[in-house]
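Below you'll find the structure, written out as structure tokens, and then a few comments.
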Amino acid sequence: MSSAVGIDLDGWQRLVDGLREAVLVVDPAGVVRVRNAAAADRFPRLRLGGHFDVHVAGRQHDLGEGWSAWYFTDSALDHAHLRLAGGTSRETTLKTIVQLAAELLGEHCVAVVPATRDRLEWWRCGGGEPTVTRSPRRASTLSEVLTGTSTLTRITSLGEGNWGVPEDFGCALAVPLGIGGALVVLRKGDFAPNDVERVRLFGKHAAVALESASRLTEQQRTIDVLRSALLPLPLPEVRGVSMASVFIPAHQRALVGGDFYDVHPRTDGSATFALGDVCGHGLEAAVHSGRVRQSLQALSLVETNPVRLLHLLNTSLRATGSKLFTTIVVGELVPLAAGGARLSLASGGHPAPLILRADGTVQDVSAPGAIVGILSDVRFHGEQVTLAPGDTLVLYSDGFTEARAHNDRTELFGEQRLRAVLKECKGLSAEEIARRCEEAVLKWLDRDDHDDLALLAVQAV
């Protein structure tokens with residue numbers, strides 16, 4: 001029956017379906033004729049055709065001839081649900097769950113959830129700060145809820161478990177908290193029928209919030225692990241030189257980009273170093289830069305000559321089938337017994353490195369070569385330079401020279417400005433030189449968008 005005595009039941013159903021407030025439409029005989037999803041959640045045992053005898057404070061709206069609409073609002077629970085929905089980590093959400101449940105539903109609350117190594121976590125709150133302990137996966141009192149065979153269990157004897165409450169607690173209700181979990185609300189006294197439904201409803205929202213937060217936590221953990229493999233490693237100590245770096249991705253929220261640098265010391269005191277730039281931006285470029293770095297590290301174990309190393313790297317990258325190309329400078333560093341270091345360099349389509357001599361003059365190191373990873377017939381040329389104590393080799397990506405002025409996006413920072421900055425760095429350490437270059441280009445950009453920025457300063461000591 002869709003209507004009766006002027007009551008359009010289908011219309012009422014469509015009207016109340018989208019409301020967060022629980023709504024029932026009751027006929028003159030007290031039979032429920034319309035209920036929305038919120039009412040179904042709040043009163044799961046009160047079905048269409050059932051008799052309305054819920055003893056809950058609600059607002060009644062007279063529809064005429066004995067018909068009425070009832071509205072039920074639980075502002076405290078609504079606020080709690082909003083707080084739960086804002087959780088972004090598993091740990092924070094579990095703390096919020098037990099705190100809110102202790103405040104709104106009982107004197108004490110325990111959330112029992114699966115942990116690693118076949119154990120259970122017991123998150124407890126009795127009005128203070130939540131605490132957590134772990135135990136073997138045994139909780140016979142909660143077995144039906146934990147296994148999903150019961151949607152609500154009334155507990156009168158706690159049994160084994162890390163409850164953290166006196167034995168004379170009174171009564172407890174346990175409801176599912178996701179797969180393999182349970183939310184237990186404890187009181188000194190018994191639960192009224194409406195309180196039971198509030199615990200059940202809170203448990204449903206808490207389970208959804210915990211599942212969402214756990215998924216976000218796992219995703220973030222995965223991102224962090226993958227990102228760690230793409231980030232530059234801390235610079236190692238290499239005999240005869242000091243080093244410093246700059247690494248600022250274009251997409252700083254992701255913390256990764258297509259620019260990269262690496263330094264790999266050898267047991268004989270020498271080292272291989274590189275700075276490169278994968279075409280493109282963001283995650284795809286970052287993943288390819290990780291591939292380049294891994295290939296270069298493996299190849300440098302069997303080849304130390306920079307020119308031959310670039311040929312091997314080109315062959316290796318072409319074999320992957322990637323369409324991204326790389327520009328790169330590869331070098332070998334050999335400390336000299338009398339001080340300083342001898343450097344062998346080769347470049348694949350990358351901006352020429354600069355040398356800041358101890359007397360303040362700036363020179364470039366020309367080692368022309370083709371881009372890496374696309375063409376089969378490529379040529380690379382090597383160059384050797386010697387760094388006397390106080391001399392500094394500066395490798396940089398084109399993010400520096402192609403940075404656009406914040407007040408004129410057609411004007412580039414350019415190599416000449418970079419040279420001028422380096423000239424002003426006479427007598428400074430590698431770390432101070434790197435910071436001066438970084439500050440100069442960031443001032444030029446003034447928080448505007450930019451390409452990835454990478455720089456490696458190698459100073460002979």
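To be explicit about the labels: the chains of the structure tokens are called A, B, and onward in the order shown, and within each one the residues are counted from 1, while ligands get numbers from 1 in the order they are shown.
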- Hey, what's within 8 Å of Val34 (chain A) if we count only C-alpha atoms and toss same-chain stuff fewer than 3 positions away? As a ChimeraX atom specification, please? /A:9,12-13,23-26,48
Limited to N, CA and C atoms, could you put the picked residues into a file as a PDB file, in the first residue's frame?
ATOM      1  N   LEU A   9       3.035   7.422   1.122  1.00  0.00           N
ATOM      2  CA  LEU A   9       4.143   6.708   1.745  1.00  0.00           C
ATOM      3  C   LEU A   9       5.375   6.652   0.840  1.00  0.00           C
ATOM      4  N   TRP A  12       7.008   9.992   1.079  1.00  0.00           N
ATOM      5  CA  TRP A  12       7.720  10.126   2.362  1.00  0.00           C
ATOM      6  C   TRP A  12       9.025   9.340   2.351  1.00  0.00           C
ATOM      7  N   GLN A  13       8.968   8.145   1.764  1.00  0.00           N
ATOM      8  CA  GLN A  13      10.179   7.319   1.718  1.00  0.00           C
ATOM      9  C   GLN A  13      11.285   8.028   0.938  1.00  0.00           C
ATOM     10  N   VAL A  23      14.283   8.712  10.907  1.00  0.00           N
ATOM     11  CA  VAL A  23      12.881   9.108  10.729  1.00  0.00           C
ATOM     12  C   VAL A  23      12.012   7.865  10.586  1.00  0.00           C
ATOM     13  N   LEU A  24      10.880   7.859  11.309  1.00  0.00           N
ATOM     14  CA  LEU A  24       9.865   6.814  11.190  1.00  0.00           C
ATOM     15  C   LEU A  24       8.518   7.475  10.904  1.00  0.00           C
ATOM     16  N   VAL A  25       7.739   6.864  10.038  1.00  0.00           N
ATOM     17  CA  VAL A  25       6.343   7.274   9.844  1.00  0.00           C
ATOM     18  C   VAL A  25       5.478   6.142  10.369  1.00  0.00           C
ATOM     19  N   VAL A  26       4.568   6.484  11.316  1.00  0.00           N
ATOM     20  CA  VAL A  26       3.778   5.491  12.056  1.00  0.00           C
ATOM     21  C   VAL A  26       2.295   5.736  11.804  1.00  0.00           C
ATOM     22  N   LEU A  48       9.778  -2.509   9.031  1.00  0.00           N
ATOM     23  CA  LEU A  48       8.507  -2.067   8.463  1.00  0.00           C
ATOM     24  C   LEU A  48       7.426  -3.090   8.808  1.00  0.00           C
TER      25      LEU A  48
END
- Message: Run DSSP on the backbone and tell me which residues of region 256-431 of chain A come out as strand (DSSP E); list them as a PyMOL selection string.
- Response: chain A and resi 259-265+271-278+326-335+341-348+354-356+362-364+382-387+392-396+404-405+408-412
- Message: I'd like to know which of A:Gly339, A:Gly106, A:Gly280, A:Gly58 is closest to Val196 (chain A), using only C-alpha atoms.
- Response: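 Using only C-alpha atoms, Val196 (chain A) sits closest to A:Gly106.
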- Task: Name the residues of region 221-279 of chain A that fall into alpha helix (DSSP H) according to DSSP on the backbone, using the chain letters and numbers of this document, as a list in words.
- Result: Arg221, Thr222, Ile223, Asp224, Val225, Leu226, Arg227, Ser228, Ala229 and Leu230 of chain A
- May I ask for the distance between CA of Val394 (chain A) and CA of Ser289 (chain A), given in Å to one decimal place?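 Between CA of Val394 (chain A) and CA of Ser289 (chain A) the gap is 20.1 Å.
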- Which of these, A:Gly203, A:Pro306, A:Pro114, A:Gly181, has the shortest distance to Ala80 (chain A) once you count only C-alpha atoms?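 Answer, going by the shortest atom-to-atom distance: A:Gly203.
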- Task: Please identify all polymer residues within 9 Å of Leu19 (chain A), counting only C-alpha atoms, omitting same-chain residues fewer than 2 positions from it, and present them as a PyMOL selection string.
- Result: chain A and resi 15-17+21-23+36-38
Output for the residues just chosen: all heavy atoms as an mmCIF file, in the first residue's frame:
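Result saved to part10.cif:
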data_model
loop_
_atom_site.group_PDB
_atom_site.id
_atom_site.type_symbol
_atom_site.label_atom_id
_atom_site.label_comp_id
_atom_site.auth_asym_id
_atom_site.auth_seq_id
_atom_site.Cartn_x
_atom_site.Cartn_y
_atom_site.Cartn_z
ATOM 1 N N LEU A 15 11.532 11.187 0.488
ATOM 2 C CA LEU A 15 11.886 12.411 1.203
ATOM 3 C C LEU A 15 12.910 12.156 2.307
ATOM 4 O O LEU A 15 13.849 12.928 2.493
ATOM 5 C CB LEU A 15 10.615 13.039 1.798
ATOM 6 C CG LEU A 15 10.804 14.295 2.657
ATOM 7 C CD1 LEU A 15 11.291 15.442 1.796
ATOM 8 C CD2 LEU A 15 9.494 14.661 3.356
ATOM 9 N N VAL A 16 12.732 11.075 3.056
ATOM 10 C CA VAL A 16 13.561 10.864 4.250
ATOM 11 C C VAL A 16 14.775 9.984 3.997
ATOM 12 O O VAL A 16 15.657 9.903 4.857
ATOM 13 C CB VAL A 16 12.717 10.239 5.394
ATOM 14 C CG1 VAL A 16 11.543 11.130 5.724
ATOM 15 C CG2 VAL A 16 12.249 8.820 5.040
ATOM 16 N N ASP A 17 14.854 9.345 2.798
ATOM 17 C CA ASP A 17 15.950 8.411 2.551
ATOM 18 C C ASP A 17 17.329 9.066 2.662
ATOM 19 O O ASP A 17 18.278 8.443 3.115
ATOM 20 C CB ASP A 17 15.806 7.765 1.163
ATOM 21 C CG ASP A 17 15.016 6.467 1.232
ATOM 22 O OD1 ASP A 17 14.858 5.941 2.358
ATOM 23 O OD2 ASP A 17 14.551 5.992 0.185
ATOM 24 N N GLU A 21 19.297 12.164 9.930
ATOM 25 C CA GLU A 21 18.455 11.987 11.105
ATOM 26 C C GLU A 21 17.567 10.762 10.916
ATOM 27 O O GLU A 21 17.061 10.513 9.817
ATOM 28 C CB GLU A 21 17.599 13.243 11.280
ATOM 29 C CG GLU A 21 16.896 13.343 12.606
ATOM 30 C CD GLU A 21 16.184 14.685 12.754
ATOM 31 O OE1 GLU A 21 15.793 15.269 11.725
ATOM 32 O OE2 GLU A 21 16.011 15.126 13.893
ATOM 33 N N ALA A 22 17.385 9.984 11.977
ATOM 34 C CA ALA A 22 16.520 8.807 11.907
ATOM 35 C C ALA A 22 15.061 9.257 11.866
ATOM 36 O O ALA A 22 14.625 10.078 12.672
ATOM 37 C CB ALA A 22 16.751 7.900 13.108
ATOM 38 N N VAL A 23 14.283 8.712 10.907
ATOM 39 C CA VAL A 23 12.881 9.108 10.729
ATOM 40 C C VAL A 23 12.012 7.865 10.586
ATOM 41 O O VAL A 23 12.342 6.949 9.838
ATOM 42 C CB VAL A 23 12.700 10.012 9.490
ATOM 43 C CG1 VAL A 23 11.234 10.451 9.366
ATOM 44 C CG2 VAL A 23 13.614 11.223 9.544
ATOM 45 N N ASN A 36 13.800 5.362 7.301
ATOM 46 C CA ASN A 36 14.962 5.610 6.439
ATOM 47 C C ASN A 36 16.156 4.795 6.917
ATOM 48 O O ASN A 36 16.074 4.070 7.924
ATOM 49 C CB ASN A 36 15.282 7.115 6.357
ATOM 50 C CG ASN A 36 15.719 7.692 7.695
ATOM 51 O OD1 ASN A 36 15.673 7.018 8.719
ATOM 52 N ND2 ASN A 36 16.132 8.950 7.674
ATOM 53 N N ALA A 37 17.266 4.917 6.184
ATOM 54 C CA ALA A 37 18.452 4.108 6.501
ATOM 55 C C ALA A 37 18.991 4.435 7.884
ATOM 56 O O ALA A 37 19.457 3.550 8.612
ATOM 57 C CB ALA A 37 19.525 4.325 5.435
ATOM 58 N N ALA A 38 18.939 5.724 8.271
ATOM 59 C CA ALA A 38 19.433 6.104 9.591
ATOM 60 C C ALA A 38 18.611 5.445 10.692
ATOM 61 O O ALA A 38 19.138 5.016 11.723
ATOM 62 C CB ALA A 38 19.413 7.623 9.747
#
- Item | Nearest to Asp62 (chain A) by atom-to-atom distance, counting only C-alpha atoms, from A:Glu431, A:Glu211, A:Glu332, A:Asp27 | A:Asp27
- Task: Identify, on the basis of only C-alpha atoms, every residue whose closest approach to Gly170 (chain A) does not exceed 6 Å; exclude the query and any residue fewer than 5 positions from it along the same chain; express the result as a VMD selection string.
- Result: chain A and resid 187 to 189
I need the residues from that last selection saved to file as a compact mmCIF listing (two decimals), in the first residue's frame (with N, CA and C atoms), if you can.
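Written out: again_36.txt:
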# COMPACT_ATOMS: atom_id res chain seq x y z
N ARG A 187 30.40 -1.10 31.95
CA ARG A 187 29.71 -0.23 32.90
C ARG A 187 29.62 -0.93 34.26
N LYS A 188 29.41 -0.11 35.26
CA LYS A 188 29.14 -0.67 36.59
C LYS A 188 27.72 -1.20 36.67
N GLY A 189 26.81 -0.52 35.96
CA GLY A 189 25.43 -0.97 35.93
C GLY A 189 25.08 -1.62 34.61
- Message: List the spatial neighbours of region 436-443 of chain A as a list in words - criterion: any atom at most 8 Å away, only C-alpha atoms, same-chain residues fewer than 5 positions off excluded.
- Response: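 Residues near the query, excluding close chain neighbours: Val246, Phe400, Ala403, Phe413, Leu418, Val421, Leu422 and Cys425 of chain A.
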- Task: Pick out the residues sitting within 10 Å of region 262-267 of chain A, and hand them over as a ChimeraX atom specification; count only C-alpha atoms, and ignore anything fewer than 2 positions along from it in its own chain.
- Result: /A:232-239,243,260,269-276,293,296-297,300-301,330-333,456
- Which one of A:Phe52, A:Phe43, A:Phe380, A:Phe247 sits closest to Val307 (chain A) if you count only C-alpha atoms?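 Looking only at the distances to Val307 (chain A), the closest residue turns out to be A:Phe380.
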- Task: Name the residues in contact with region 212-215 of chain A at a cut-off of 8 Å, using only C-alpha atoms, excluding same-chain residues fewer than 5 positions from it; report them as an NGL selection string.
- Result: :A and (87-90 or 93)
What does the file look like for those residues with N, CA, C and O atoms, as a PDB file, in the first residue's frame?
ATOM      1  N   GLY A  87      39.728  10.480  11.082  1.00  0.00           N
ATOM      2  CA  GLY A  87      40.960   9.761  11.390  1.00  0.00           C
ATOM      3  C   GLY A  87      41.740   9.399  10.138  1.00  0.00           C
ATOM      4  O   GLY A  87      41.163   8.913   9.166  1.00  0.00           O
ATOM      5  N   THR A  88      43.045   9.637  10.155  1.00  0.00           N
ATOM      6  CA  THR A  88      43.876   9.326   8.990  1.00  0.00           C
ATOM      7  C   THR A  88      44.932   8.273   9.286  1.00  0.00           C
ATOM      8  O   THR A  88      45.652   7.863   8.384  1.00  0.00           O
ATOM      9  N   SER A  89      45.036   7.824  10.538  1.00  0.00           N
ATOM     10  CA  SER A  89      45.981   6.763  10.862  1.00  0.00           C
ATOM     11  C   SER A  89      45.293   5.751  11.776  1.00  0.00           C
ATOM     12  O   SER A  89      44.371   6.093  12.524  1.00  0.00           O
ATOM     13  N   ARG A  90      45.752   4.524  11.697  1.00  0.00           N
ATOM     14  CA  ARG A  90      45.159   3.457  12.497  1.00  0.00           C
ATOM     15  C   ARG A  90      45.292   3.750  13.984  1.00  0.00           C
ATOM     16  O   ARG A  90      44.327   3.612  14.752  1.00  0.00           O
ATOM     17  N   THR A  93      43.014   6.651  15.159  1.00  0.00           N
ATOM     18  CA  THR A  93      41.609   6.260  15.121  1.00  0.00           C
ATOM     19  C   THR A  93      41.258   5.336  16.274  1.00  0.00           C
ATOM     20  O   THR A  93      40.196   5.477  16.888  1.00  0.00           O
TER      21      THR A  93
END
- Message: Between A:Ala405, A:Val184, A:Ile355, A:Ala206, which residue has the minimum interatomic distance to His450 (chain A), considering only C-alpha atoms?
- Response: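 Closest to His450 (chain A) of all the choices is A:Ala405.
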- Do you have the CA of Leu226 (chain A)-CA of His281 (chain A) distance handy? 16.8 Å
